[in-house]
Amino acid sequence: MNSPRLLLSKLIFSVTPPCEDITRIVSRSYDKPSSLKEKIQVQAHILFCRSCHRFVHQLEYLQTIVAKILRDDSFPGAKAELNKETQVKMQSEINKALENFNNQSSV
Amino acid sequence: MQFLDTFLGTIFPKMTTNNRTNPEKHQQTSPTQWVELYGNYLYKYAKMRLRDDALAQDAVQETFLSALKARESFQGKSSEKTWLVGILKHKIIDTFRKQSREINESAVTLPFEQEGLFREAKDEWAGHWKQEYKPFDWGETPFSLAERNDFQRVLHSCFEKLPERVALVFQMKEVDDEECSQICKALDISESNLWVMLHRARMHLRRCLEVRWFSVKSSG
């Protein structure tokens, strides 16, 4: 069972951060540039860790697709709409304020 | 330059170098039309971030009233809608700042939370993925998924599970493209605080989508 690959993977895992930290490093790389050390750590780790390798690609994929969907305000499920009553009330508040301004400026 | 613009405009109608020569863009409308023109859009925007109906409506109303006062300052550099959204963004941030900071976010456990996903300290493989939470193969991940209504619904439902502040921070960063420093300043949080929240959001969304979409589809 002590295949070279297994030994090598154990070596890599002993000198690179474990998966939990790798996920944090990868996530933060989207907010702040990773250091060279971090980049190497991640690359070395994902050479032997299929889970983290998948994680890296999944996050990459999600970065584009999630923002795209959330940005889309034509989302059909979004039930957010002001009812007629609220609209009328809102507009009348605006009109009132507008009138006040106009009255003030004409003084 | 004006002549060149017009000349090019006739040969290549879509290619005008300066859209400020087009008088139709970026005009102001009468505030008496604002609710009709922008009410629902602003409300949707606010509801997405504030979740609460009343808070969202208040934010929109405040936006209109502030906009009224600031009308002189509208220079037409952006569209009126963009200008209003800008004001609304500030109102939303103000609402969050006012909200009790006593809400201890770290106490809120998300359904697909990162705690418990990794092996404990005593384990030989401490810090590595637990077997049952290992990311699996998602198979096909086309960008066209973004266009599917059913996928959008799942994503939105996953997104709704995020605590409000985490969701807001995520939106400010990923949707509104704000810089980290700006978000930190606006919400009065530290950078590391911000990174933790964004990390939680990403871990949650990834796992949520994995369980509710990608695992179901690949077991077809």
# chains A, B, ... in the order shown; residues from 1 in each chain; ligands from 1
call {"tool": "interface_residues", "arguments": {"of": "chain B", "to": "chain A", "cutoff": "6 Å", "atoms": "only C-alpha atoms", "output": "VMD selection string"}}
result
chain B and resid 35 40 44 127 to 128 134 to 135 146 174 to 175 199
call {"tool": "select_by_dssp", "arguments": {"residues": "range 67-203 of chain B", "states": "helix (DSSP H, G or I)", "output": "PDB file with C-alpha atoms, in the first residue's frame"}}
result
ATOM      1  CA  ALA B  67     -33.978  62.211  -5.156  1.00  0.00           C
ATOM      2  CA  LEU B  68     -36.467  65.034  -5.244  1.00  0.00           C
ATOM      3  CA  LYS B  69     -34.218  67.159  -3.097  1.00  0.00           C
ATOM      4  CA  ARG B  71     -32.658  66.787  -8.519  1.00  0.00           C
ATOM      5  CA  GLU B  72     -30.432  69.734  -9.261  1.00  0.00           C
ATOM      6  CA  SER B  73     -27.389  67.516  -8.899  1.00  0.00           C
ATOM      7  CA  GLU B  80     -32.161  58.443 -14.242  1.00  0.00           C
ATOM      8  CA  LYS B  81     -32.798  54.855 -13.201  1.00  0.00           C
ATOM      9  CA  THR B  82     -29.122  54.295 -12.404  1.00  0.00           C
ATOM     10  CA  TRP B  83     -29.088  57.526 -10.461  1.00  0.00           C
ATOM     11  CA  LEU B  84     -32.075  56.445  -8.384  1.00  0.00           C
ATOM     12  CA  VAL B  85     -30.547  53.013  -7.771  1.00  0.00           C
ATOM     13  CA  GLY B  86     -27.438  54.757  -6.500  1.00  0.00           C
ATOM     14  CA  ILE B  87     -29.505  56.634  -3.949  1.00  0.00           C
ATOM     15  CA  LEU B  88     -31.378  53.467  -3.039  1.00  0.00           C
ATOM     16  CA  LYS B  89     -28.123  51.632  -2.410  1.00  0.00           C
ATOM     17  CA  HIS B  90     -27.210  54.189   0.214  1.00  0.00           C
ATOM     18  CA  LYS B  91     -30.604  53.885   1.854  1.00  0.00           C
ATOM     19  CA  ILE B  92     -30.196  50.122   2.016  1.00  0.00           C
ATOM     20  CA  ILE B  93     -26.782  50.439   3.594  1.00  0.00           C
ATOM     21  CA  ASP B  94     -28.171  52.925   6.097  1.00  0.00           C
ATOM     22  CA  THR B  95     -30.873  50.445   7.023  1.00  0.00           C
ATOM     23  CA  PHE B  96     -28.306  47.769   7.654  1.00  0.00           C
ATOM     24  CA  ARG B  97     -26.154  50.082   9.697  1.00  0.00           C
ATOM     25  CA  LYS B  98     -29.109  50.982  11.862  1.00  0.00           C
ATOM     26  CA  GLU B 105     -24.193  36.113  12.652  1.00  0.00           C
ATOM     27  CA  SER B 106     -21.779  33.432  13.592  1.00  0.00           C
ATOM     28  CA  ALA B 107     -24.515  31.936  15.722  1.00  0.00           C
ATOM     29  CA  GLN B 131     -16.324  11.593   3.227  1.00  0.00           C
ATOM     30  CA  GLU B 132     -19.996  12.549   3.071  1.00  0.00           C
ATOM     31  CA  TYR B 133     -19.296  16.191   2.207  1.00  0.00           C
ATOM     32  CA  PHE B 143     -23.058  28.639 -18.719  1.00  0.00           C
ATOM     33  CA  SER B 144     -26.401  28.225 -20.391  1.00  0.00           C
ATOM     34  CA  LEU B 145     -27.730  26.956 -17.069  1.00  0.00           C
ATOM     35  CA  ALA B 146     -28.007  30.588 -16.087  1.00  0.00           C
ATOM     36  CA  GLU B 147     -30.847  30.925 -18.566  1.00  0.00           C
ATOM     37  CA  ASN B 149     -35.828  29.114 -15.058  1.00  0.00           C
ATOM     38  CA  ASP B 150     -35.683  25.959 -12.967  1.00  0.00           C
ATOM     39  CA  PHE B 151     -32.021  26.476 -12.188  1.00  0.00           C
ATOM     40  CA  GLN B 152     -32.634  30.127 -11.382  1.00  0.00           C
ATOM     41  CA  ARG B 153     -35.358  29.126  -8.968  1.00  0.00           C
ATOM     42  CA  VAL B 154     -33.049  26.738  -7.134  1.00  0.00           C
ATOM     43  CA  LEU B 155     -30.323  29.341  -6.940  1.00  0.00           C
ATOM     44  CA  HIS B 156     -32.684  31.991  -5.651  1.00  0.00           C
ATOM     45  CA  SER B 157     -34.018  29.642  -3.032  1.00  0.00           C
ATOM     46  CA  CYS B 158     -30.463  28.786  -1.950  1.00  0.00           C
ATOM     47  CA  PHE B 159     -29.641  32.452  -1.840  1.00  0.00           C
ATOM     48  CA  GLU B 160     -32.630  33.258   0.333  1.00  0.00           C
ATOM     49  CA  GLU B 164     -29.361  39.113   5.376  1.00  0.00           C
ATOM     50  CA  ARG B 165     -26.036  40.732   6.028  1.00  0.00           C
ATOM     51  CA  VAL B 166     -24.157  37.878   4.402  1.00  0.00           C
ATOM     52  CA  ALA B 167     -26.496  38.063   1.422  1.00  0.00           C
ATOM     53  CA  LEU B 168     -26.133  41.815   1.179  1.00  0.00           C
ATOM     54  CA  VAL B 169     -22.367  41.654   1.351  1.00  0.00           C
ATOM     55  CA  PHE B 170     -22.323  38.958  -1.296  1.00  0.00           C
ATOM     56  CA  GLN B 171     -24.516  41.013  -3.590  1.00  0.00           C
ATOM     57  CA  MET B 172     -22.498  44.151  -3.091  1.00  0.00           C
ATOM     58  CA  LYS B 173     -19.358  42.276  -4.019  1.00  0.00           C
ATOM     59  CA  GLU B 174     -20.501  39.950  -6.775  1.00  0.00           C
ATOM     60  CA  VAL B 175     -23.486  41.717  -8.293  1.00  0.00           C
ATOM     61  CA  CYS B 180     -13.884  45.240  -0.580  1.00  0.00           C
ATOM     62  CA  SER B 181     -12.695  48.459   0.994  1.00  0.00           C
ATOM     63  CA  GLN B 182     -15.900  50.219  -0.038  1.00  0.00           C
ATOM     64  CA  ILE B 183     -18.091  47.490   1.398  1.00  0.00           C
ATOM     65  CA  CYS B 184     -16.132  47.497   4.631  1.00  0.00           C
ATOM     66  CA  LYS B 185     -16.409  51.244   4.915  1.00  0.00           C
ATOM     67  CA  ALA B 186     -20.122  51.278   4.141  1.00  0.00           C
ATOM     68  CA  LEU B 187     -21.034  48.579   6.625  1.00  0.00           C
ATOM     69  CA  GLU B 191     -11.796  43.149   5.827  1.00  0.00           C
ATOM     70  CA  SER B 192     -11.331  39.800   7.496  1.00  0.00           C
ATOM     71  CA  ASN B 193     -14.928  39.966   8.670  1.00  0.00           C
ATOM     72  CA  LEU B 194     -15.946  40.546   5.074  1.00  0.00           C
ATOM     73  CA  TRP B 195     -13.889  37.644   3.744  1.00  0.00           C
ATOM     74  CA  VAL B 196     -15.388  35.298   6.285  1.00  0.00           C
ATOM     75  CA  MET B 197     -18.897  36.310   5.247  1.00  0.00           C
ATOM     76  CA  LEU B 198     -18.127  35.932   1.557  1.00  0.00           C
ATOM     77  CA  HIS B 199     -16.521  32.553   2.191  1.00  0.00           C
ATOM     78  CA  ARG B 200     -19.571  31.369   4.102  1.00  0.00           C
ATOM     79  CA  ALA B 201     -21.823  32.526   1.307  1.00  0.00           C
ATOM     80  CA  ARG B 202     -19.797  30.713  -1.325  1.00  0.00           C
ATOM     81  CA  MET B 203     -19.515  27.500   0.676  1.00  0.00           C
TER      82      MET B 203
END
call {"tool": "atom_distance", "arguments": {"atom1": "CA of Asp188 in chain B", "atom2": "CA of Arg51 in chain B"}}
result
20.8 Å
call {"tool": "atom_distance", "arguments": {"atom1": "CA of Glu178 in chain B", "atom2": "CA of Trp34 in chain B"}}
result
26.6 Å
call {"tool": "atom_distance", "arguments": {"atom1": "CA of Phe136 in chain B", "atom2": "CA of Glu210 in chain B"}}
result
8.1 Å
